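To start, the structure itself, in structure tokens.
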Amino acid sequence: MPADGTVENTPVNKRAVWGLKEIIYIFALRAVFGYMAARLIGPYAGEVAGAVVTLADRILTIIVIYLIVRRLTGGWQQALGLKTGRVARHIITGLAAGVGLLVALGIGEQALYRFLAVELQTHPLIGSAFGAGSFAQFLWPLLAGGIFTPVSEEMLYRGMIYPAAARRTGITAGVIISVIVFTVFHFNLYWLGEIFFAGLVFTLLYIKTGSIIPGIIAHAAVNSWRLVMAFLA
């Protein structure tokens, strides 16, 4: 137990003192910003408009979460689960989880296509990567989906929503609530099963390691691999 009295690697981060109000504020601000960005940036960004708007949204999310958590807590990194100890182990764990998740999702997609004749719709960022005519164009969806999306979403859904929900409803309900919110806010009916499963894996990684870093690595590995494959196709 550290000197400040908190317990390391517990299922619920004791430093996560925020509540529903702060989380609603983040989503509301993102909604307003997304609408304005699509109006102001979209018409001038051409074929990479979607990726540029997504990138701007993810950067805004990271900044807002940082400001909120820093205002509410003394150690914002620990409160969000951004533990810097055992970095090598976190990276290895995240990469292993990412590879396993890619295999599992690939099997699931093949099963859906084979038995139900369902072909999952292409995610917008994957569509941007597929349609990129140069590496410069591909860089936008790669930055948005492969780097900033994993960081912002793990900070939000695992770092903020899971501990806030678990503290009030219990660990199991907290996991379910955070994963459902993660799934619903991706707005794609065809990807709901995949996103739910991935969100569950990322949440369990956070609970197991006490850090969102393995989830960020796994999330980035999955997204980046799919983007690169789409670009090279």
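Letters A, B, ... go to the chains of the structure tokens in the order shown; residues in each chain start at 1; ligands are counted from 1 in the same order.
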
query: Within 9 Å of Leu20 in chain A, counting only C-alpha atoms, which residues qualify if same-chain residues fewer than 2 places away don't, as a PyMOL selection string?
result: chain A and resi 18+22-25+161+164-165

- request: Would you please extract all alpha helix (DSSP H) residues from range 29-179 of chain A, as assigned by DSSP on the backbone, and give them as number ranges by chain?
  value: A: 29-40, 42-45, 49-72, 76-80, 87-116, 124-131, 135-141, 149-153, 162-169, 171-179

- request: Excluding range 63-73 of chain A and any residue of its chain fewer than 5 positions from it, enumerate the residues within 12 Å of it, using only C-alpha atoms, and give them as a PyMOL selection string.
  value: chain A and resi 14-19+21-30+33+56-58+78-82+148+151-157+159-161

Same residues, C-alpha atoms, saved as a short mmCIF file (atom, residue, chain, number, x, y, z; two decimals), in the first residue's frame:
```cif
data_model
loop_
_atom_site.label_atom_id
_atom_site.label_comp_id
_atom_site.auth_asym_id
_atom_site.auth_seq_id
_atom_site.Cartn_x
_atom_site.Cartn_y
_atom_site.Cartn_z
CA LYS A 14 -10.08 5.05 -5.34
CA ARG A 15 -8.75 8.25 -6.89
CA ALA A 16 -11.58 8.42 -9.43
CA VAL A 17 -13.72 10.94 -7.55
CA TRP A 18 -15.71 12.38 -10.46
CA GLY A 19 -19.33 11.57 -11.18
CA LYS A 21 -22.05 15.33 -14.16
CA GLU A 22 -18.48 15.49 -15.43
CA ILE A 23 -19.03 12.62 -17.86
CA ILE A 24 -22.19 14.18 -19.30
CA TYR A 25 -20.30 17.44 -19.69
CA ILE A 26 -17.64 15.71 -21.78
CA PHE A 27 -20.16 14.08 -24.11
CA ALA A 28 -22.16 17.30 -24.47
CA LEU A 29 -19.07 19.31 -25.30
CA ARG A 30 -17.98 16.69 -27.85
CA PHE A 33 -17.76 20.55 -31.05
CA ALA A 56 -9.95 17.09 -33.69
CA ASP A 57 -12.64 15.45 -31.55
CA ARG A 58 -10.18 12.98 -30.00
CA GLN A 78 -3.00 7.87 -11.15
CA ALA A 79 -6.67 8.90 -11.09
CA LEU A 80 -7.03 8.01 -14.78
CA GLY A 81 -5.03 4.80 -14.45
CA LEU A 82 -2.07 6.17 -16.40
CA PHE A 148 -5.60 9.44 -30.71
CA VAL A 151 -5.77 7.19 -26.06
CA SER A 152 -8.94 9.28 -25.78
CA GLU A 153 -11.36 6.34 -25.60
CA GLU A 154 -9.37 4.46 -22.97
CA MET A 155 -9.12 7.63 -20.90
CA LEU A 156 -12.86 8.20 -21.20
CA TYR A 157 -14.48 4.76 -21.10
CA GLY A 159 -10.30 5.67 -17.04
CA MET A 160 -13.41 7.72 -16.24
CA ILE A 161 -16.69 5.87 -16.87
#
```

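By only C-alpha atoms, and with residues fewer than 2 positions from Ile91 in chain A along its chain excluded, the set lying at most 8 Å from it is Val87, Ala88, Arg89, Thr93, Gly94, Leu95, Ile213, Pro214 and Ile217 of chain A.
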
Could you write out the selected residues, including C-alpha atoms, as a CSV table (one decimal), in the first residue's frame?
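Final output, saved to result_14.csv:
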```csv
chain,number,residue,atom,x,y,z
A,87,VAL,CA,5.9,0.0,-18.8
A,88,ALA,CA,7.5,-3.0,-20.6
A,89,ARG,CA,5.1,-5.4,-19.0
A,93,THR,CA,0.4,-7.4,-22.2
A,94,GLY,CA,-1.3,-4.8,-24.5
A,95,LEU,CA,0.3,-6.2,-27.7
A,213,ILE,CA,-1.9,1.7,-20.8
A,214,PRO,CA,-2.3,-2.0,-21.9
A,217,ILE,CA,-1.7,-0.5,-26.7
```

message: With distances taken over only C-alpha atoms, which residue among A:Ile176, A:Ile92, A:Leu55, A:Leu192 lies nearest Leu204 in chain A?
response: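 Smallest distance to Leu204 in chain A is found for A:Ile176.
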
- request: Pick out the closest residue to Ile216 in chain A from this set: A:Ala97, A:Ala111, A:Ala136, A:Leu189. Count only C-alpha atoms.
  value: A:Ala97

statement: Correct to one decimal, the distance CA of His90 in chain A-CA of Gly75 in chain A is 20.1 Å
